[in-house]
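See below for final.csv, which holds CSV, N, CA, C and O atoms.
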chain,number,residue,atom,x,y,z
J,1,MET,N,-17.3,23.8,-9.4
J,1,MET,CA,-18.5,24.6,-9.2
J,1,MET,C,-18.8,25.4,-10.4
J,1,MET,O,-17.9,26.2,-10.9
J,2,GLY,N,-19.9,25.2,-11.0
J,2,GLY,CA,-20.3,26.0,-12.2
J,2,GLY,C,-21.1,27.2,-11.8
J,2,GLY,O,-21.9,27.2,-10.9
J,3,VAL,N,-20.9,28.3,-12.6
J,3,VAL,CA,-21.7,29.5,-12.4
J,3,VAL,C,-22.8,29.4,-13.4
J,3,VAL,O,-22.6,29.4,-14.6
J,4,LEU,N,-24.1,29.3,-12.8
J,4,LEU,CA,-25.2,29.2,-13.7
J,4,LEU,C,-25.4,30.4,-14.6
J,4,LEU,O,-25.0,31.5,-14.2
J,5,LYS,N,-25.9,30.3,-15.7
J,5,LYS,CA,-26.4,29.2,-16.4
J,5,LYS,C,-25.4,28.9,-17.5
J,5,LYS,O,-25.3,27.8,-18.0
J,6,GLY,N,-24.6,29.8,-17.9
J,6,GLY,CA,-23.7,29.7,-19.0
J,6,GLY,C,-22.6,28.6,-18.9
J,6,GLY,O,-22.2,28.1,-19.9
J,7,ALA,N,-22.2,28.3,-17.7
J,7,ALA,CA,-21.1,27.3,-17.5
J,7,ALA,C,-21.6,25.9,-17.6
J,7,ALA,O,-20.8,25.0,-17.6
J,8,THR,N,-22.9,25.7,-17.6
J,8,THR,CA,-23.4,24.3,-17.5
J,8,THR,C,-22.9,23.4,-18.6
J,8,THR,O,-22.5,22.3,-18.3
J,9,ILE,N,-22.9,23.8,-19.8
J,9,ILE,CA,-22.5,22.9,-20.9
J,9,ILE,C,-21.0,22.6,-20.8
J,9,ILE,O,-20.6,21.4,-20.9
J,10,PHE,N,-20.2,23.6,-20.6
J,10,PHE,CA,-18.8,23.4,-20.5
J,10,PHE,C,-18.5,22.5,-19.3
J,10,PHE,O,-17.6,21.6,-19.4
J,11,LEU,N,-19.1,22.7,-18.1
J,11,LEU,CA,-18.9,21.9,-17.0
J,11,LEU,C,-19.2,20.5,-17.2
J,11,LEU,O,-18.5,19.6,-16.8
J,12,SER,N,-20.3,20.2,-17.9
J,12,SER,CA,-20.7,18.8,-18.2
J,12,SER,C,-19.6,18.2,-19.1
J,12,SER,O,-19.3,17.0,-18.9
J,13,ASP,N,-19.1,18.9,-20.1
J,13,ASP,CA,-18.0,18.4,-20.9
J,13,ASP,C,-16.8,18.1,-20.1
J,13,ASP,O,-16.1,17.1,-20.3
J,14,LEU,N,-16.4,19.0,-19.2
J,14,LEU,CA,-15.3,18.9,-18.4
J,14,LEU,C,-15.4,17.7,-17.5
J,14,LEU,O,-14.5,16.9,-17.3
J,15,ALA,N,-16.6,17.5,-16.9
J,15,ALA,CA,-16.8,16.4,-16.0
J,15,ALA,C,-16.5,15.0,-16.6
J,15,ALA,O,-16.1,14.1,-15.9
J,16,ARG,N,-16.8,14.9,-17.9
J,16,ARG,CA,-16.5,13.6,-18.6
J,16,ARG,C,-15.1,13.3,-18.6
J,16,ARG,O,-14.7,12.1,-18.9
J,17,HIS,N,-14.2,14.2,-18.4
J,17,HIS,CA,-12.7,14.0,-18.5
J,17,HIS,C,-12.0,14.1,-17.2
J,17,HIS,O,-10.8,14.0,-17.2
J,18,ILE,N,-12.7,14.2,-16.1
J,18,ILE,CA,-12.1,14.2,-14.8
J,18,ILE,C,-12.1,12.8,-14.2
J,18,ILE,O,-13.2,12.2,-14.0
J,19,ASP,N,-10.9,12.3,-13.9
J,19,ASP,CA,-10.8,11.0,-13.4
J,19,ASP,C,-10.5,11.0,-11.9
J,19,ASP,O,-9.6,10.3,-11.4
J,20,LEU,N,-11.3,11.7,-11.2
J,20,LEU,CA,-11.1,11.8,-9.7
J,20,LEU,C,-12.5,11.6,-9.1
J,20,LEU,O,-13.5,11.8,-9.7
J,21,ASP,N,-12.5,11.3,-7.8
J,21,ASP,CA,-13.7,11.2,-7.0
J,21,ASP,C,-14.1,12.7,-6.7
J,21,ASP,O,-13.4,13.4,-6.0
J,22,CYS,N,-15.1,13.1,-7.3
J,22,CYS,CA,-15.5,14.5,-7.1
J,22,CYS,C,-17.0,14.7,-7.2
J,22,CYS,O,-17.8,13.8,-7.6
J,23,THR,N,-17.4,15.9,-6.7
J,23,THR,CA,-18.8,16.3,-6.8
J,23,THR,C,-19.0,17.6,-7.6
J,23,THR,O,-18.0,18.3,-7.7
J,24,PHE,N,-20.2,17.9,-8.0
J,24,PHE,CA,-20.4,19.1,-8.8
J,24,PHE,C,-21.5,19.8,-8.1
J,24,PHE,O,-22.5,19.3,-7.6
J,25,ASP,N,-21.4,21.1,-8.2
J,25,ASP,CA,-22.4,22.0,-7.6
J,25,ASP,C,-22.5,23.3,-8.5
J,25,ASP,O,-21.6,23.5,-9.3
J,26,PHE,N,-23.5,24.1,-8.3
J,26,PHE,CA,-23.7,25.3,-9.0
J,26,PHE,C,-24.0,26.4,-8.1
J,26,PHE,O,-24.6,26.3,-7.0
J,27,ILE,N,-23.6,27.6,-8.5
J,27,ILE,CA,-23.9,28.9,-7.8
J,27,ILE,C,-24.4,29.8,-8.9
J,27,ILE,O,-24.0,29.8,-10.0
J,28,GLY,N,-25.4,30.6,-8.5
J,28,GLY,CA,-25.9,31.6,-9.4
J,28,GLY,C,-25.5,33.0,-8.8
J,28,GLY,O,-25.6,33.3,-7.6
J,29,VAL,N,-25.0,33.9,-9.7
J,29,VAL,CA,-24.7,35.2,-9.3
J,29,VAL,C,-25.1,36.2,-10.4
J,29,VAL,O,-25.3,35.8,-11.5
J,30,SER,N,-25.3,37.4,-9.9
J,30,SER,CA,-25.7,38.5,-10.9
J,30,SER,C,-25.0,39.8,-10.4
J,30,SER,O,-25.0,40.1,-9.2
J,31,SER,N,-24.6,40.6,-11.4
J,31,SER,CA,-24.1,41.9,-11.1
J,31,SER,C,-24.9,42.9,-11.9
J,31,SER,O,-24.4,44.1,-12.1
J,32,TYR,N,-26.0,42.5,-12.4
J,32,TYR,CA,-26.9,43.4,-13.2
J,32,TYR,C,-28.2,43.7,-12.4
J,32,TYR,O,-28.7,42.8,-11.7
J,33,GLY,N,-28.7,44.9,-12.6
J,33,GLY,CA,-29.9,45.2,-12.0
J,33,GLY,C,-31.1,44.7,-12.8
J,33,GLY,O,-31.0,43.8,-13.6
J,34,ALA,N,-32.2,45.3,-12.6
J,34,ALA,CA,-33.4,44.9,-13.4
J,34,ALA,C,-33.2,45.1,-14.9
J,34,ALA,O,-32.6,46.1,-15.3
J,35,ARG,N,-33.6,44.2,-15.6
J,35,ARG,CA,-33.4,44.3,-17.1
J,35,ARG,C,-34.2,45.5,-17.6
J,35,ARG,O,-35.4,45.6,-17.3
J,36,PRO,N,-33.6,46.3,-18.5
J,36,PRO,CA,-34.3,47.4,-19.1
J,36,PRO,C,-35.3,47.0,-20.1
J,36,PRO,O,-35.2,45.8,-20.6
J,37,THR,N,-36.2,47.8,-20.5
J,37,THR,CA,-37.1,47.5,-21.6
J,37,THR,C,-36.3,47.4,-22.9
J,37,THR,O,-35.1,47.9,-22.9
J,38,PRO,N,-36.8,46.7,-23.9
J,38,PRO,CA,-36.0,46.6,-25.1
J,38,PRO,C,-35.6,47.9,-25.7
J,38,PRO,O,-34.5,48.0,-26.2
J,39,ASP,N,-36.4,48.9,-25.6
J,39,ASP,CA,-36.1,50.2,-26.2
J,39,ASP,C,-34.9,50.9,-25.4
J,39,ASP,O,-34.0,51.4,-25.9
J,40,GLN,N,-35.0,50.8,-24.0
J,40,GLN,CA,-33.9,51.3,-23.2
J,40,GLN,C,-32.6,50.6,-23.4
J,40,GLN,O,-31.6,51.2,-23.4
J,41,GLU,N,-32.7,49.2,-23.6
J,41,GLU,CA,-31.5,48.4,-23.8
J,41,GLU,C,-30.8,48.8,-25.1
J,41,GLU,O,-29.6,48.9,-25.2
J,42,LEU,N,-31.6,49.1,-26.2
J,42,LEU,CA,-31.1,49.5,-27.4
J,42,LEU,C,-30.3,50.9,-27.3
J,42,LEU,O,-29.3,51.1,-27.9
J,43,LEU,N,-30.9,51.8,-26.5
J,43,LEU,CA,-30.3,53.1,-26.3
J,43,LEU,C,-29.1,53.1,-25.4
J,43,LEU,O,-28.1,53.7,-25.7
J,44,GLY,N,-29.1,52.3,-24.3
J,44,GLY,CA,-28.0,52.4,-23.4
J,44,GLY,C,-27.4,51.1,-22.9
J,44,GLY,O,-26.5,51.1,-22.1
J,45,GLY,N,-27.9,50.0,-23.5
J,45,GLY,CA,-27.3,48.7,-23.1
J,45,GLY,C,-27.8,48.3,-21.7
J,45,GLY,O,-28.8,48.8,-21.2
J,46,TRP,N,-27.1,47.3,-21.2
J,46,TRP,CA,-27.5,46.8,-19.9
J,46,TRP,C,-26.2,46.5,-19.1
J,46,TRP,O,-25.5,45.5,-19.3
J,47,ASP,N,-25.8,47.5,-18.3
J,47,ASP,CA,-24.5,47.5,-17.6
J,47,ASP,C,-24.6,46.9,-16.2
J,47,ASP,O,-25.6,46.9,-15.5
J,48,SER,N,-23.4,46.4,-15.8
J,48,SER,CA,-23.3,45.9,-14.4
J,48,SER,C,-23.5,47.0,-13.4
J,48,SER,O,-23.1,48.2,-13.6
J,49,THR,N,-24.1,46.7,-12.3
J,49,THR,CA,-24.2,47.6,-11.2
J,49,THR,C,-22.9,47.7,-10.4
J,49,THR,O,-22.8,48.6,-9.6
J,50,GLY,N,-22.0,46.8,-10.5
J,50,GLY,CA,-20.8,46.7,-9.8
J,50,GLY,C,-21.0,46.0,-8.4
J,50,GLY,O,-20.0,45.8,-7.7
J,51,GLU,N,-22.2,45.5,-8.2
J,51,GLU,CA,-22.4,44.8,-6.9
J,51,GLU,C,-22.8,43.3,-7.3
J,51,GLU,O,-23.8,43.1,-8.1
J,52,VAL,N,-22.1,42.4,-6.8
J,52,VAL,CA,-22.3,41.0,-7.1
J,52,VAL,C,-23.3,40.4,-6.1
J,52,VAL,O,-23.0,40.4,-4.9
J,53,ARG,N,-24.4,39.9,-6.6
J,53,ARG,CA,-25.4,39.3,-5.7
J,53,ARG,C,-25.4,37.8,-5.9
J,53,ARG,O,-25.4,37.3,-7.1
J,54,VAL,N,-25.5,37.0,-4.9
J,54,VAL,CA,-25.7,35.5,-5.0
J,54,VAL,C,-27.2,35.3,-5.2
J,54,VAL,O,-28.0,35.6,-4.3
J,55,THR,N,-27.6,34.6,-6.3
J,55,THR,CA,-29.0,34.3,-6.6
J,55,THR,C,-29.3,32.9,-6.3
J,55,THR,O,-30.5,32.5,-6.1
J,56,LYS,N,-28.3,32.0,-6.2
J,56,LYS,CA,-28.4,30.6,-5.8
J,56,LYS,C,-27.1,30.2,-5.2
J,56,LYS,O,-26.1,30.2,-5.9
J,57,ASP,N,-27.2,29.8,-4.0
J,57,ASP,CA,-25.9,29.4,-3.3
J,57,ASP,C,-25.7,27.9,-3.5
J,57,ASP,O,-26.6,27.2,-3.9
J,58,VAL,N,-24.5,27.5,-3.2
J,58,VAL,CA,-24.1,26.0,-3.4
J,58,VAL,C,-24.9,25.2,-2.4
J,58,VAL,O,-25.3,25.8,-1.3
J,59,ASP,N,-25.1,24.0,-2.6
J,59,ASP,CA,-25.9,23.1,-1.8
J,59,ASP,C,-25.0,22.3,-0.7
J,59,ASP,O,-25.6,21.7,0.1
J,60,GLN,N,-23.7,22.4,-0.9
J,60,GLN,CA,-22.8,21.7,0.0
J,60,GLN,C,-21.7,22.6,0.5
J,60,GLN,O,-21.4,23.5,-0.2
J,61,SER,N,-21.1,22.2,1.6
J,61,SER,CA,-20.0,23.0,2.1
J,61,SER,C,-18.8,22.9,1.3
J,61,SER,O,-18.5,21.8,0.8
J,62,LEU,N,-18.0,23.9,1.1
J,62,LEU,CA,-16.7,23.9,0.4
J,62,LEU,C,-15.5,23.8,1.3
J,62,LEU,O,-14.4,23.7,0.8
J,63,ALA,N,-15.8,23.7,2.6
J,63,ALA,CA,-14.7,23.7,3.5
J,63,ALA,C,-13.8,22.5,3.3
J,63,ALA,O,-14.3,21.3,3.2
J,64,GLY,N,-12.5,22.7,3.2
J,64,GLY,CA,-11.5,21.7,3.1
J,64,GLY,C,-11.5,21.0,1.7
J,64,GLY,O,-10.9,20.0,1.5
J,65,LYS,N,-12.2,21.6,0.7
J,65,LYS,CA,-12.2,21.0,-0.6
J,65,LYS,C,-11.5,21.8,-1.6
J,65,LYS,O,-11.3,23.0,-1.5
J,66,ASN,N,-10.9,21.1,-2.6
J,66,ASN,CA,-10.4,21.8,-3.8
J,66,ASN,C,-11.5,22.2,-4.7
J,66,ASN,O,-12.4,21.4,-4.9
J,67,VAL,N,-11.5,23.4,-5.2
J,67,VAL,CA,-12.7,23.9,-6.0
J,67,VAL,C,-12.2,24.4,-7.3
J,67,VAL,O,-11.2,25.2,-7.3
J,68,ILE,N,-12.8,24.0,-8.3
J,68,ILE,CA,-12.6,24.5,-9.7
J,68,ILE,C,-13.8,25.4,-10.0
J,68,ILE,O,-14.9,24.9,-10.0
J,69,LEU,N,-13.6,26.7,-10.3
J,69,LEU,CA,-14.7,27.5,-10.7
J,69,LEU,C,-14.8,27.5,-12.2
J,69,LEU,O,-13.8,27.8,-12.9
J,70,VAL,N,-16.0,27.3,-12.7
J,70,VAL,CA,-16.2,27.3,-14.1
J,70,VAL,C,-17.2,28.4,-14.4
J,70,VAL,O,-18.4,28.4,-14.0
J,71,GLU,N,-16.7,29.5,-15.1
J,71,GLU,CA,-17.5,30.7,-15.4
J,71,GLU,C,-17.6,30.8,-16.9
J,71,GLU,O,-16.7,30.5,-17.6
J,72,ASP,N,-18.7,31.4,-17.4
J,72,ASP,CA,-18.8,31.6,-18.8
J,72,ASP,C,-18.4,32.9,-19.4
J,72,ASP,O,-17.9,33.1,-20.5
J,73,ILE,N,-18.6,34.0,-18.6
J,73,ILE,CA,-18.3,35.3,-19.1
J,73,ILE,C,-17.3,36.0,-18.2
J,73,ILE,O,-17.5,36.1,-17.0
J,74,LEU,N,-16.2,36.4,-18.7
J,74,LEU,CA,-15.1,37.1,-18.0
J,74,LEU,C,-14.9,38.4,-18.7
J,74,LEU,O,-14.1,38.5,-19.6
J,75,ASP,N,-15.5,39.4,-18.1
J,75,ASP,CA,-15.3,40.8,-18.7
J,75,ASP,C,-14.5,41.6,-17.8
J,75,ASP,O,-13.3,41.9,-18.0
J,76,THR,N,-15.0,42.0,-16.7
J,76,THR,CA,-14.3,42.9,-15.7
J,76,THR,C,-13.6,42.1,-14.7
J,76,THR,O,-12.7,42.6,-14.0
J,77,GLY,N,-14.0,40.8,-14.5
J,77,GLY,CA,-13.4,40.0,-13.4
J,77,GLY,C,-14.0,40.2,-12.1
J,77,GLY,O,-13.7,39.5,-11.1
J,78,LEU,N,-15.0,41.1,-12.0
J,78,LEU,CA,-15.7,41.4,-10.7
J,78,LEU,C,-16.3,40.1,-10.1
J,78,LEU,O,-16.2,39.8,-9.0
J,79,THR,N,-17.1,39.4,-10.9
J,79,THR,CA,-17.8,38.2,-10.4
J,79,THR,C,-16.8,37.1,-10.0
J,79,THR,O,-17.0,36.6,-8.9
J,80,LEU,N,-15.8,36.9,-10.8
J,80,LEU,CA,-14.8,35.9,-10.5
J,80,LEU,C,-14.1,36.2,-9.2
J,80,LEU,O,-13.8,35.4,-8.3
J,81,THR,N,-13.7,37.5,-9.0
J,81,THR,CA,-13.1,37.9,-7.8
J,81,THR,C,-13.9,37.7,-6.6
J,81,THR,O,-13.5,37.2,-5.6
J,82,ARG,N,-15.2,38.1,-6.7
J,82,ARG,CA,-16.1,37.9,-5.6
J,82,ARG,C,-16.3,36.4,-5.2
J,82,ARG,O,-16.3,36.0,-4.1
J,83,LEU,N,-16.4,35.5,-6.3
J,83,LEU,CA,-16.5,34.1,-6.0
J,83,LEU,C,-15.3,33.5,-5.4
J,83,LEU,O,-15.4,32.7,-4.5
J,84,ARG,N,-14.1,33.9,-5.8
J,84,ARG,CA,-12.9,33.4,-5.2
J,84,ARG,C,-12.8,33.9,-3.7
J,84,ARG,O,-12.4,33.1,-2.9
J,85,GLN,N,-13.2,35.1,-3.4
J,85,GLN,CA,-13.2,35.5,-2.0
J,85,GLN,C,-14.2,34.7,-1.2
J,85,GLN,O,-13.9,34.3,0.0
J,86,SER,N,-15.3,34.3,-1.7
J,86,SER,CA,-16.3,33.6,-0.9
J,86,SER,C,-16.0,32.1,-0.8
J,86,SER,O,-16.4,31.5,0.2
J,87,CYS,N,-15.2,31.6,-1.7
J,87,CYS,CA,-14.7,30.2,-1.6
J,87,CYS,C,-13.7,30.1,-0.5
J,87,CYS,O,-13.5,29.1,0.1

As structure tokens, what does this structure read like?
Amino acid sequence: MGVLKGATIFLSDLARHIDLDCTFDFIGVSSYGARPTPDQELLGGWDSTGEVRVTKDVDQSLAGKNVILVEDILDTGLTLTRLRQSC
């Protein structure tokens, strides 16, 4: 399961090397609020709200399946922790 959008390229490379009967799906998550204006972003950055929201859910059930999570950004681990709990 790839976390949109950043994991897409790595997941496609990984898929070429998996010699198993498997399916692929994507989930979208965000822990950031509304994007600040460019001036506000320069002054204070754009920080996580601490709340992980699902913006696009998987299209198939994960029940009884082995799941590999492919994420692109690992800073606080908040998103990955939330995803592991929901799987």

At what distance in Å, to one decimal, does atom C of Lys5 in chain J lie from atom C of Leu78 in chain J?
-> 16.2 Å

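Across the structure, atom O of Asn66 in chain J and atom N of Ser12 in chain J are spaced 15.3 Å apart.
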
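In terms of minimum interatomic distance to Ile68 in chain J, J:Met1 ranks closest within J:Ala7, J:Cys22, J:Met1, J:Val29, counting only N, CA, C and O atoms.
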
Which polymer residues have any atom within 7 Å of an atom of Val3 in chain J, counting all atoms listed in the file, with same-chain residues fewer than 4 positions away left out, as a VMD selection string?
-> chain J and resid 7 to 8 25 to 29 69 to 72

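Shortest separation to Gly2 in chain J among J:Thr23, J:Gln85, J:Thr76, J:Glu51 occurs at residue J:Thr23, atoms counted being only C-alpha atoms.
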
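From atom N of Asp75 in chain J back to CA of Leu20 in chain J, the distance works out to 29.2 Å.
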
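Distances here use all atoms listed in the file; by that measure, the residue among J:Leu11, J:Cys87, J:Leu4, J:Ile18 closest to Lys65 in chain J is J:Cys87.
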
Return the single residue from J:Leu14, J:Gly77, J:Asp19, J:Ser31 that is closest to Arg53 in chain J, with distances computed using only N, CA, C and O atoms.
-> J:Ser31
